[in-house]
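J.: For reference, the file structure-v8.cif (mmCIF, C-alpha atoms and all ligand atoms) is included below:
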```cif
data_my_file
#
loop_
_atom_site.label_atom_id
_atom_site.label_comp_id
_atom_site.auth_asym_id
_atom_site.auth_seq_id
_atom_site.Cartn_x
_atom_site.Cartn_y
_atom_site.Cartn_z
CA MET H 814 1.06 128.22 22.82
CA ALA H 815 1.20 126.80 19.26
CA GLU H 816 -1.32 124.05 18.55
CA ARG H 817 0.37 120.66 18.52
CA ALA H 818 -0.02 119.02 15.13
CA VAL H 819 -2.20 115.93 15.36
CA TYR H 820 -1.18 113.30 12.88
CA PRO H 821 -3.85 110.71 12.12
CA THR H 822 -2.68 107.20 12.93
CA PRO H 823 -2.12 105.54 9.55
CA THR H 824 -4.72 102.93 8.61
CA PRO H 825 -3.05 99.51 8.77
CA LEU H 826 -2.19 98.26 5.27
CA LEU H 827 -4.99 96.14 3.71
CA LYS H 828 -7.00 96.41 6.94
CA ASP H 829 -10.28 95.45 5.25
CA GLU H 830 -8.78 93.32 2.50
CA LEU H 831 -6.95 90.67 4.52
CA ASP H 832 -8.03 87.85 6.84
CA ILE H 833 -5.75 86.10 9.32
CA VAL H 834 -6.44 82.34 9.37
CA ILE H 835 -5.37 80.37 12.46
CA PRO H 836 -5.77 76.58 12.84
CA THR H 837 -5.91 75.65 16.48
CA ILE H 838 -6.34 72.91 19.05
CA ARG H 839 -5.10 75.15 21.88
CA ASN H 840 -5.94 78.43 23.53
CA LEU H 841 -5.09 81.59 21.63
CA ASP H 842 -3.07 83.46 24.26
CA PHE H 843 -0.33 83.89 21.64
CA LEU H 844 -2.51 86.62 20.14
CA GLU H 845 -1.65 88.89 23.07
CA MET H 846 1.89 89.23 21.70
CA TRP H 847 0.57 89.91 18.20
CA ARG H 848 -2.15 92.33 19.36
CA PRO H 849 -0.36 95.53 18.17
CA PHE H 850 -0.07 94.05 14.68
CA PHE H 851 -3.17 91.82 14.38
CA GLN H 852 -5.92 93.65 16.27
CA PRO H 853 -7.06 95.78 13.30
CA TYR H 854 -7.58 92.67 11.17
CA HIS H 855 -10.34 90.09 11.01
CA LEU H 856 -9.41 86.63 12.26
CA ILE H 857 -10.77 83.34 10.95
CA ILE H 858 -10.13 80.67 13.57
CA VAL H 859 -10.44 77.05 12.49
CA GLN H 860 -10.88 74.95 15.61
CA ASP H 861 -9.65 71.42 15.00
CA GLY H 862 -10.36 68.33 17.08
CA ASP H 863 -13.22 68.09 19.58
CA PRO H 864 -15.87 70.68 18.63
CA SER H 865 -17.35 70.61 22.14
CA LYS H 866 -14.13 72.13 23.51
CA THR H 867 -14.30 75.91 24.01
CA ILE H 868 -11.49 77.92 22.50
CA ASN H 869 -11.10 81.26 24.26
CA VAL H 870 -10.22 84.18 22.02
CA PRO H 871 -8.64 87.14 23.84
CA GLU H 872 -10.90 90.22 24.15
CA GLY H 873 -10.75 92.90 21.50
CA PHE H 874 -10.24 90.77 18.39
CA ASP H 875 -12.74 90.70 15.55
CA TYR H 876 -13.11 87.06 14.59
CA GLU H 877 -15.21 84.23 13.29
CA LEU H 878 -14.60 80.73 14.64
CA TYR H 879 -15.43 77.47 12.91
CA ASN H 880 -15.30 74.03 14.52
CA ARG H 881 -15.92 70.66 12.89
CA ASN H 882 -19.67 70.91 13.35
CA ASP H 883 -19.62 74.23 11.46
CA ILE H 884 -17.49 72.73 8.67
CA ASN H 885 -19.90 69.82 8.32
CA ARG H 886 -22.92 72.13 8.44
CA ILE H 887 -21.53 74.52 5.83
CA LEU H 888 -20.03 72.01 3.40
CA GLY H 889 -22.29 69.01 3.91
CA PRO H 890 -20.81 65.99 2.09
CA LYS H 891 -18.05 68.21 0.68
CA ALA H 892 -16.66 68.49 4.23
CA SER H 893 -14.92 65.19 3.45
CA CYS H 894 -12.18 67.18 1.70
CA ILE H 895 -11.28 69.12 4.87
CA SER H 896 -8.77 67.27 7.07
CA PHE H 897 -9.55 66.49 10.70
CA LYS H 898 -6.95 66.42 13.49
CA ASP H 899 -4.28 68.03 11.35
CA SER H 900 -3.27 71.64 10.76
CA ALA H 901 -4.38 71.08 7.15
CA CYS H 902 -7.86 72.07 8.39
CA ARG H 903 -6.69 75.67 8.05
CA CYS H 904 -7.61 75.70 4.36
CA PHE H 905 -11.28 75.81 5.40
CA GLY H 906 -10.49 79.35 6.51
CA TYR H 907 -9.29 80.20 2.99
CA LEU H 908 -12.57 78.81 1.63
CA VAL H 909 -14.88 80.94 3.79
CA SER H 910 -12.81 84.12 3.70
CA LYS H 911 -14.21 86.88 1.52
CA LYS H 912 -11.04 88.92 1.40
CA LYS H 913 -8.44 89.43 -1.31
CA TYR H 914 -5.51 88.37 0.88
CA VAL H 915 -4.93 85.74 3.54
CA TYR H 916 -2.22 85.39 6.17
CA THR H 917 -2.02 82.10 8.05
CA ILE H 918 0.00 81.55 11.21
CA ASP H 919 0.30 78.78 13.79
CA ASP H 920 -0.67 79.38 17.41
CA ASP H 921 2.87 78.56 18.62
CA CYS H 922 4.44 81.29 16.51
CA PHE H 923 5.33 84.52 18.25
CA VAL H 924 6.74 87.95 17.39
CA ALA H 925 10.45 87.62 16.56
CA LYS H 926 13.04 90.35 16.97
CA ASP H 927 15.31 91.58 14.21
CA PRO H 928 19.09 91.93 14.83
CA SER H 929 18.53 95.44 16.19
CA GLY H 930 16.17 94.00 18.81
CA LYS H 931 13.06 95.52 17.21
CA ASP H 932 9.83 93.51 17.14
CA ILE H 933 9.13 92.24 13.62
CA ASN H 934 5.69 93.04 12.24
CA ALA H 935 5.53 89.89 10.12
CA LEU H 936 2.14 90.82 8.68
CA GLU H 937 3.41 94.18 7.43
CA GLN H 938 6.38 92.52 5.68
CA HIS H 939 4.14 89.88 4.06
CA ILE H 940 1.89 92.65 2.76
CA LYS H 941 4.91 94.48 1.30
CA ASN H 942 6.02 91.22 -0.34
CA LEU H 943 2.55 90.64 -1.83
CA LEU H 944 2.09 94.22 -3.03
CA SER H 945 5.41 94.32 -4.90
CA PRO H 946 6.17 92.29 -8.03
CA SER H 947 8.14 89.03 -8.22
CA THR H 948 11.00 88.21 -10.61
CA PRO H 949 10.75 84.45 -11.34
CA PHE H 950 12.12 84.64 -14.88
CA PHE H 951 15.61 85.99 -14.17
CA PHE H 952 17.41 85.89 -10.82
CA ASN H 953 18.39 89.24 -9.32
CA THR H 954 21.62 88.65 -7.38
CA LEU H 955 20.93 91.60 -5.09
CA TYR H 956 17.71 89.82 -4.08
CA ASP H 957 14.49 91.88 -3.94
CA PRO H 958 15.03 94.73 -6.46
CA TYR H 959 11.86 96.55 -5.36
CA ARG H 960 13.09 97.01 -1.80
CA ASN H 961 14.33 100.41 -0.62
CA GLY H 962 18.09 100.59 -1.11
CA ALA H 963 18.21 97.83 -3.73
CA ASP H 964 17.59 97.57 -7.47
CA PHE H 965 18.16 95.39 -10.48
CA VAL H 966 21.83 94.71 -11.02
CA ARG H 967 23.80 95.28 -14.20
CA GLY H 968 22.88 92.77 -16.89
CA TYR H 969 19.33 92.36 -15.69
CA PRO H 970 17.12 92.57 -18.81
CA PHE H 971 15.07 95.76 -18.82
CA SER H 972 12.28 93.87 -20.56
CA LEU H 973 11.84 91.82 -17.38
CA ARG H 974 12.10 94.58 -14.78
CA GLU H 975 8.34 95.12 -14.51
CA GLY H 976 8.13 91.71 -12.83
CA VAL H 977 4.94 89.72 -12.33
CA PRO H 978 2.17 89.80 -9.71
CA THR H 979 3.15 88.14 -6.44
CA ALA H 980 0.79 85.33 -5.40
CA VAL H 981 2.61 83.93 -2.35
CA SER H 982 4.83 85.31 0.42
CA HIS H 983 6.58 82.51 2.36
CA GLY H 984 8.03 83.60 5.68
CA LEU H 985 10.62 81.86 7.84
CA TRP H 986 11.18 80.99 11.49
CA LEU H 987 13.69 81.74 14.24
CA ASN H 988 14.25 79.26 17.10
CA ILE H 989 12.50 75.99 16.10
CA PRO H 990 13.04 75.51 12.33
CA ASP H 991 10.50 73.57 10.28
CA TYR H 992 12.56 70.37 10.04
CA ASP H 993 11.19 66.95 9.12
CA ALA H 994 11.11 64.26 11.81
CA PRO H 995 14.38 62.48 10.88
CA THR H 996 16.25 65.79 10.98
CA GLN H 997 14.53 66.71 14.27
CA LEU H 998 15.64 63.34 15.71
CA VAL H 999 19.24 63.77 14.60
CA LYS H 1000 19.43 67.43 15.68
CA PRO H 1001 17.04 67.80 18.64
CA LEU H 1002 18.78 70.85 20.05
CA GLU H 1003 19.32 72.74 16.82
CA ARG H 1004 17.83 76.22 16.87
CA ASN H 1005 17.77 78.66 14.00
CA THR H 1006 19.43 81.87 15.18
CA ARG H 1007 20.40 83.12 11.74
CA TYR H 1008 18.47 86.16 10.56
CA VAL H 1009 18.97 86.55 6.80
CA ASP H 1010 17.83 89.99 5.69
CA ALA H 1011 16.56 88.96 2.23
CA VAL H 1012 13.42 88.30 0.19
CA MET H 1013 13.82 86.29 -3.02
CA SER H 1014 11.58 85.22 -5.88
CA ILE H 1015 11.64 81.47 -6.34
CA PRO H 1016 12.64 80.96 -9.98
CA LYS H 1017 10.12 79.63 -12.49
CA GLY H 1018 10.41 75.85 -12.83
CA THR H 1019 11.73 75.43 -9.30
CA LEU H 1020 9.62 73.78 -6.62
CA PHE H 1021 10.03 74.58 -2.92
CA PRO H 1022 8.93 73.11 0.45
CA MET H 1023 6.14 75.50 1.44
CA CYS H 1024 5.58 75.72 5.20
CA GLY H 1025 2.15 76.83 6.36
CA MET H 1026 3.39 78.25 9.67
CA ASN H 1027 4.03 81.82 8.50
CA LEU H 1028 2.45 82.19 5.04
CA ALA H 1029 0.56 84.84 3.14
CA PHE H 1030 -1.04 84.77 -0.26
CA ASN H 1031 -3.18 86.68 -2.70
CA ARG H 1032 -6.43 84.70 -2.39
CA GLU H 1033 -7.90 86.21 -5.54
CA LEU H 1034 -4.85 85.18 -7.60
CA ILE H 1035 -4.11 81.73 -6.22
CA GLY H 1036 -6.64 80.82 -3.50
CA PRO H 1037 -8.18 77.76 -5.21
CA ALA H 1038 -4.72 76.14 -5.40
CA MET H 1039 -4.16 76.47 -1.64
CA TYR H 1040 -5.86 73.16 -0.77
CA PHE H 1041 -3.97 71.51 2.07
CA GLY H 1042 -4.95 67.98 1.07
CA LEU H 1043 -6.22 64.96 3.00
CA MET H 1044 -4.14 64.61 6.16
CA GLY H 1045 -4.57 63.53 9.78
CA ASP H 1046 -7.43 61.38 11.03
CA GLY H 1047 -8.11 58.41 8.77
CA GLN H 1048 -5.31 59.28 6.37
CA PRO H 1049 -1.98 57.46 5.83
CA ILE H 1050 0.03 60.68 5.94
CA GLY H 1051 0.37 63.94 7.84
CA ARG H 1052 2.60 67.03 7.83
CA TYR H 1053 2.58 67.10 4.04
CA ASP H 1054 -0.45 69.39 3.88
CA ASP H 1055 1.47 72.57 3.17
CA MET H 1056 3.98 70.73 0.98
CA TRP H 1057 1.19 69.45 -1.29
CA ALA H 1058 -0.37 72.89 -1.49
CA GLY H 1059 3.02 74.43 -2.23
CA TRP H 1060 3.83 72.06 -5.07
CA CYS H 1061 0.42 72.51 -6.71
CA THR H 1062 0.59 76.28 -6.15
CA LYS H 1063 4.07 76.69 -7.64
CA VAL H 1064 3.22 74.65 -10.78
CA ILE H 1065 0.10 76.79 -11.29
CA CYS H 1066 1.90 80.07 -10.53
CA ASP H 1067 4.59 79.17 -13.08
CA HIS H 1068 1.89 78.35 -15.64
CA LEU H 1069 -0.18 81.50 -15.06
CA GLY H 1070 2.82 83.83 -14.65
CA PHE H 1071 2.52 84.62 -10.94
CA GLY H 1072 5.40 84.91 -8.48
CA VAL H 1073 6.29 83.22 -5.21
CA LYS H 1074 8.63 84.88 -2.71
CA THR H 1075 10.47 83.45 0.29
CA GLY H 1076 12.54 84.97 3.08
CA LEU H 1077 11.51 87.81 5.36
CA PRO H 1078 9.51 87.99 7.57
CA TYR H 1079 10.62 85.80 10.44
CA ILE H 1080 8.41 84.67 13.28
CA TYR H 1081 9.63 83.02 16.49
CA HIS H 1082 8.52 79.37 16.43
CA SER H 1083 8.32 78.29 20.07
CA LYS H 1084 7.23 74.65 20.14
CA ALA H 1085 8.93 71.63 18.66
CA SER H 1086 6.29 69.04 17.97
CA ASN H 1087 7.14 65.48 18.97
CA PRO H 1088 9.60 64.00 16.43
CA PHE H 1089 8.36 60.43 16.99
CA VAL H 1090 4.74 61.45 16.41
CA ASN H 1091 5.92 63.44 13.41
CA LEU H 1092 7.84 60.46 12.04
CA LYS H 1093 4.69 58.34 12.12
CA LYS H 1094 2.84 61.08 10.22
CA GLU H 1095 5.62 61.76 7.71
CA TYR H 1096 7.20 58.42 6.92
CA LYS H 1097 5.09 57.55 3.87
CA GLY H 1098 5.53 61.08 2.59
CA ILE H 1099 9.31 60.83 2.92
CA TYR H 1100 9.51 58.07 0.33
CA TRP H 1101 6.45 59.05 -1.71
CA GLN H 1102 7.93 62.47 -2.28
CA GLU H 1103 10.78 60.93 -4.28
CA GLU H 1104 8.09 60.19 -6.89
CA LEU H 1105 5.89 63.23 -6.19
CA ILE H 1106 8.65 65.73 -6.92
CA PRO H 1107 9.42 64.39 -10.43
CA PHE H 1108 5.64 64.35 -11.05
CA PHE H 1109 5.30 68.06 -10.22
CA GLN H 1110 8.55 68.93 -12.00
CA SER H 1111 7.21 67.39 -15.20
CA ALA H 1112 3.57 68.46 -14.78
CA ALA H 1113 2.48 70.35 -17.90
CA LEU H 1114 -0.74 72.36 -18.00
CA PRO H 1115 -2.48 73.01 -21.32
CA LYS H 1116 -2.74 76.57 -22.66
CA ASP H 1117 -6.53 76.57 -22.22
CA CYS H 1118 -6.06 76.18 -18.48
CA ASN H 1119 -6.37 79.92 -17.95
CA THR H 1120 -7.87 79.96 -14.46
CA VAL H 1121 -6.59 78.48 -11.20
CA GLN H 1122 -9.65 76.24 -11.00
CA LYS H 1123 -9.07 74.83 -14.49
CA CYS H 1124 -5.38 74.27 -13.69
CA TYR H 1125 -6.27 72.56 -10.43
CA ILE H 1126 -8.82 70.23 -11.99
CA GLU H 1127 -6.28 69.33 -14.69
CA LEU H 1128 -3.69 68.62 -11.99
CA SER H 1129 -6.18 66.39 -10.18
CA LYS H 1130 -6.62 64.35 -13.38
CA GLN H 1131 -2.85 63.94 -13.65
CA VAL H 1132 -2.62 62.99 -9.96
CA ARG H 1133 -5.20 60.27 -10.52
CA ALA H 1134 -3.54 59.00 -13.72
CA LYS H 1135 0.11 59.14 -12.65
CA LEU H 1136 0.16 58.91 -8.86
CA GLY H 1137 -2.80 56.57 -8.37
CA LYS H 1138 -0.49 53.66 -9.04
CA ILE H 1139 1.77 54.62 -6.13
CA ASP H 1140 -1.06 54.22 -3.62
CA GLU H 1141 -4.84 54.39 -3.67
CA TYR H 1142 -4.49 57.39 -1.34
CA PHE H 1143 -3.75 59.51 -4.41
CA ILE H 1144 -7.02 58.43 -6.02
CA LYS H 1145 -8.82 59.68 -2.90
CA LEU H 1146 -6.70 62.84 -2.97
CA ALA H 1147 -7.48 63.48 -6.64
CA ASP H 1148 -11.20 63.19 -5.83
CA ALA H 1149 -10.77 65.50 -2.83
CA MET H 1150 -9.04 68.07 -5.06
CA VAL H 1151 -12.17 68.16 -7.25
CA THR H 1152 -14.44 68.38 -4.20
CA TRP H 1153 -12.33 71.29 -2.91
CA ILE H 1154 -12.78 73.22 -6.17
CA GLU H 1155 -16.53 72.48 -6.15
CA ALA H 1156 -16.71 73.78 -2.56
CA TRP H 1157 -14.59 76.81 -3.47
CA ASP H 1158 -16.83 77.71 -6.40
CA GLU H 1159 -20.00 77.09 -4.37
CA LEU H 1160 -18.91 79.39 -1.52
CA ASN H 1161 -17.25 81.96 -3.72
CA SER H 1162 -19.57 82.20 -6.70
CA SER H 1163 -20.64 85.79 -7.29
CA GLY H 1164 -24.20 85.01 -6.11
CA ASN H 1165 -23.08 83.91 -2.68
CA SER H 1166 -22.38 86.89 -0.46
CA GLY H 1167 -21.15 84.57 2.24
CA GLU H 1168 -24.50 83.65 3.81
CA LEU H 1169 -23.52 79.98 3.49
CA ALA H 1170 -20.65 80.38 5.91
CA ASN H 1171 -21.30 81.78 9.33
CA GLY H 1172 -19.24 80.63 12.27
CA THR H 1173 -19.45 81.80 15.83
CA GLY H 1174 -17.60 84.94 16.64
CA LYS H 1175 -17.73 88.71 16.80
O1 LIG V 1201 -4.18 68.13 14.96
C1 LIG V 1201 -3.80 69.32 14.91
C2 LIG V 1201 -2.50 69.72 15.32
C3 LIG V 1201 -2.15 71.05 15.28
N1 LIG V 1201 -3.05 71.97 14.86
C4 LIG V 1201 -2.68 73.39 14.80
O2 LIG V 1201 -1.79 73.52 13.69
C5 LIG V 1201 -0.70 74.39 14.00
C6 LIG V 1201 0.59 73.62 13.91
O3 LIG V 1201 0.65 72.72 14.99
P1 LIG V 1201 2.04 72.47 15.78
O4 LIG V 1201 2.70 73.77 15.97
O5 LIG V 1201 1.74 71.65 16.97
O6 LIG V 1201 2.84 71.56 14.76
P2 LIG V 1201 4.16 71.86 13.95
O7 LIG V 1201 4.82 70.57 13.69
O8 LIG V 1201 5.01 72.92 14.54
O9 LIG V 1201 3.45 72.41 12.61
C7 LIG V 1201 4.23 72.66 11.50
O10 LIG V 1201 4.41 71.47 10.78
C8 LIG V 1201 3.61 71.48 9.62
C9 LIG V 1201 2.93 70.18 9.46
O11 LIG V 1201 1.59 70.29 9.14
C10 LIG V 1201 2.69 72.63 9.74
O12 LIG V 1201 2.40 73.23 8.50
C11 LIG V 1201 3.47 73.56 10.54
O13 LIG V 1201 2.57 74.42 11.06
C12 LIG V 1201 -1.02 74.95 15.38
O14 LIG V 1201 -1.69 76.18 15.21
C13 LIG V 1201 -1.91 73.90 16.01
O15 LIG V 1201 -2.81 74.44 16.98
C14 LIG V 1201 -4.32 71.61 14.42
O16 LIG V 1201 -5.12 72.48 14.01
N2 LIG V 1201 -4.67 70.30 14.46
MN MN V 1202 4.63 74.56 15.72
#
```
Produce structure tokens that represent the structure in this file.
T.:
Amino acid sequence: MAERAVYPTPTPLLKDELDIVIPTIRNLDFLEMWRPFFQPYHLIIVQDGDPSKTINVPEGFDYELYNRNDINRILGPKASCISFKDSACRCFGYLVSKKKYVYTIDDDCFVAKDPSGKDINALEQHIKNLLSPSTPFFFNTLYDPYRNGADFVRGYPFSLREGVPTAVSHGLWLNIPDYDAPTQLVKPLERNTRYVDAVMSIPKGTLFPMCGMNLAFNRELIGPAMYFGLMGDGQPIGRYDDMWAGWCTKVICDHLGFGVKTGLPYIYHSKASNPFVNLKKEYKGIYWQEELIPFFQSAALPKDCNTVQKCYIELSKQVRAKLGKIDEYFIKLADAMVTWIEAWDELNSSGNSGELANGTGK
């Protein structure tokens, strides 16, 4: 009988070049549903809240876990820039990762199904988004031109068809949409059932509300800008962690010529957080953002800001000068932005092979 051909199982894309960062205060049973897609990858789990609580990680995953004691041990006084009791703590995972790419997902996000009923491998789609160029300088009306079955449409300048490197891939959510508290209160039963089969580059000069629930980025290109700010315990604001990171990131991407994409992939967001608790966290942000958005829209970075770190430090100076008068919180935040970059450079300088950071894990 003829020998059956044995095809090697393809190595998962970026298997050794991508970390999955998960902020958590819960158990991690949700990983069982993601196992087929996530098991080949290394996880960085950032345990928020009480460090004496044990977080059980399902068998078979390769991970490192950091709790608040680890963060304090590794960063010392610089730990003050990492939020406590807020999902913003996830950015510690970006700091200690040694990989080129990061995917971050919340522990109440599950595998969604596409209209054909097929499970969506969100990580695979994010990787495709990151590995193909972005087109922020001229909008392609047929959406992602690099996708199979699409292309640049007539009238699209050939000089721009090479695109630019993609720094961020922003995914979306079926079921519970990422609404702010007032919208949640007005529309408590609204569920997102609309699957839009599109990936778009966010045009240069346009800001966007970046959600950290289902987000991937090129850590080497834009990692130092992905600081999720001072939120949660002891802070006057919460649930603006990812928004702050997204505004800083987009201004810096526009300046350095990197792209940001939004759209596919979808995850299934299962848990609506409490709108009243969210309102308490968000309310200052809801009126501050009416001044924050014009600040970021008009933020100009000098030509000599040719690295993300230099851009970020320059932004922190502008935050202090222009937003400090809104509330002293922004003075603290500007200082924390500098501390973040100091911590980033300390943990990621070429001499440090990562011995500074070692969590528990396998
Ligand atoms: O104090 C906390 C609370 C939560 N976490 C972990 O963070 C994510 C998100 O938590 P949750 O799903 O409960 O909250 P959402 O309102 O759905 O989060 C979305 O709103 C944004 C506001 O920050 C956020 O970017 C979105 O994710 C879970 O993994 C919790 O376990 C935490 O670490 N600390
Ligand atoms: Mn959630």
J.: Could you list, as a PyMOL selection string, all residues that come within 8 Å of ligand LIG 1201 (chain V)? Count only C-alpha atoms and all ligand atoms.
T.: chain H and resi 835-839+859-862+897-903+918-922+991+1024-1027+1045+1051-1055+1082+1084-1087+1091
J.: Between CA of Val981 in chain H and CA of Ile1106 in chain H, what is the distance, to one decimal in Å?
T.: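 If I compute the distance from CA of Val981 in chain H to CA of Ile1106 in chain H, I get 19.7 Å.
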J.: Report as a PyMOL selection string all protein, DNA and RNA residues lying within 8 Å of Met1150 in chain H, evaluated on only C-alpha atoms, omitting residues in the same chain fewer than 6 positions from it.
T.: chain H and resi 894+1040+1042+1125-1126+1129
J.: Which of these, H:Val977, H:Ile884, H:Ile933, H:Leu987, has the shortest distance to ligand MN 1202 (chain V) once you count all atoms listed in the file?
T.: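 Once distances to ligand MN 1202 (chain V) are computed over all atoms listed in the file, the minimum belongs to H:Leu987.
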J.: So what do you get for CA of Gly976 in chain H versus CA of Thr1019 in chain H, distance-wise?
T.: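 It comes out at 17.0 Å.
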J.: Which protein, DNA or RNA residues have an atom at most 12 Å from (-2.1, 98.6, 8.8), counting only C-alpha atoms? List them as number ranges by chain.
T.: H: 822-831, 849-854, 934-941
J.: Rounded to one decimal in Å, what is the spacing between CA of Thr917 in chain H and CA of Pro1022 in chain H?
T.: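 Between CA of Thr917 in chain H and CA of Pro1022 in chain H the gap is 16.1 Å.
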J.: Applying 10 Å and only C-alpha atoms, which residues near Pro990 in chain H remain after dropping the ones on its own chain fewer than 5 positions away? List them as an MDAnalysis selection string.
T.: chainID H and resid 985 997 1003:1006 1081:1085
J.: Selected residues, C-alpha atoms, written as a PDB file, in the coordinates of the input, please.
T.:
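Below you can see out.pdb, which holds the result:
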```pdb
ATOM      1  CA  LEU H 985      10.620  81.860   7.840  1.00  0.00           C
ATOM      2  CA  GLN H 997      14.530  66.710  14.270  1.00  0.00           C
ATOM      3  CA  GLU H1003      19.320  72.740  16.820  1.00  0.00           C
ATOM      4  CA  ARG H1004      17.830  76.220  16.870  1.00  0.00           C
ATOM      5  CA  ASN H1005      17.770  78.660  14.000  1.00  0.00           C
ATOM      6  CA  THR H1006      19.430  81.870  15.180  1.00  0.00           C
ATOM      7  CA  TYR H1081       9.630  83.020  16.490  1.00  0.00           C
ATOM      8  CA  HIS H1082       8.520  79.370  16.430  1.00  0.00           C
ATOM      9  CA  SER H1083       8.320  78.290  20.070  1.00  0.00           C
ATOM     10  CA  LYS H1084       7.230  74.650  20.140  1.00  0.00           C
ATOM     11  CA  ALA H1085       8.930  71.630  18.660  1.00  0.00           C
TER      12      ALA H1085
END
```
J.: I'd like to know which of H:Trp986, H:Ser1162, H:Lys1063, H:Ala1147 is closest to ligand MN 1202 (chain V), using only C-alpha atoms and all ligand atoms.
T.: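 Of the candidates, the smallest distance to ligand MN 1202 (chain V) is held by H:Trp986.
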J.: Fewer than 6 positions away in the same chain doesn't count, so skip those; otherwise give me all residues within 8 Å of Leu955 in chain H, counting all atoms listed in the file, as JSON, numbers by chain.
T.: {"H": [963, 964, 965, 966]}
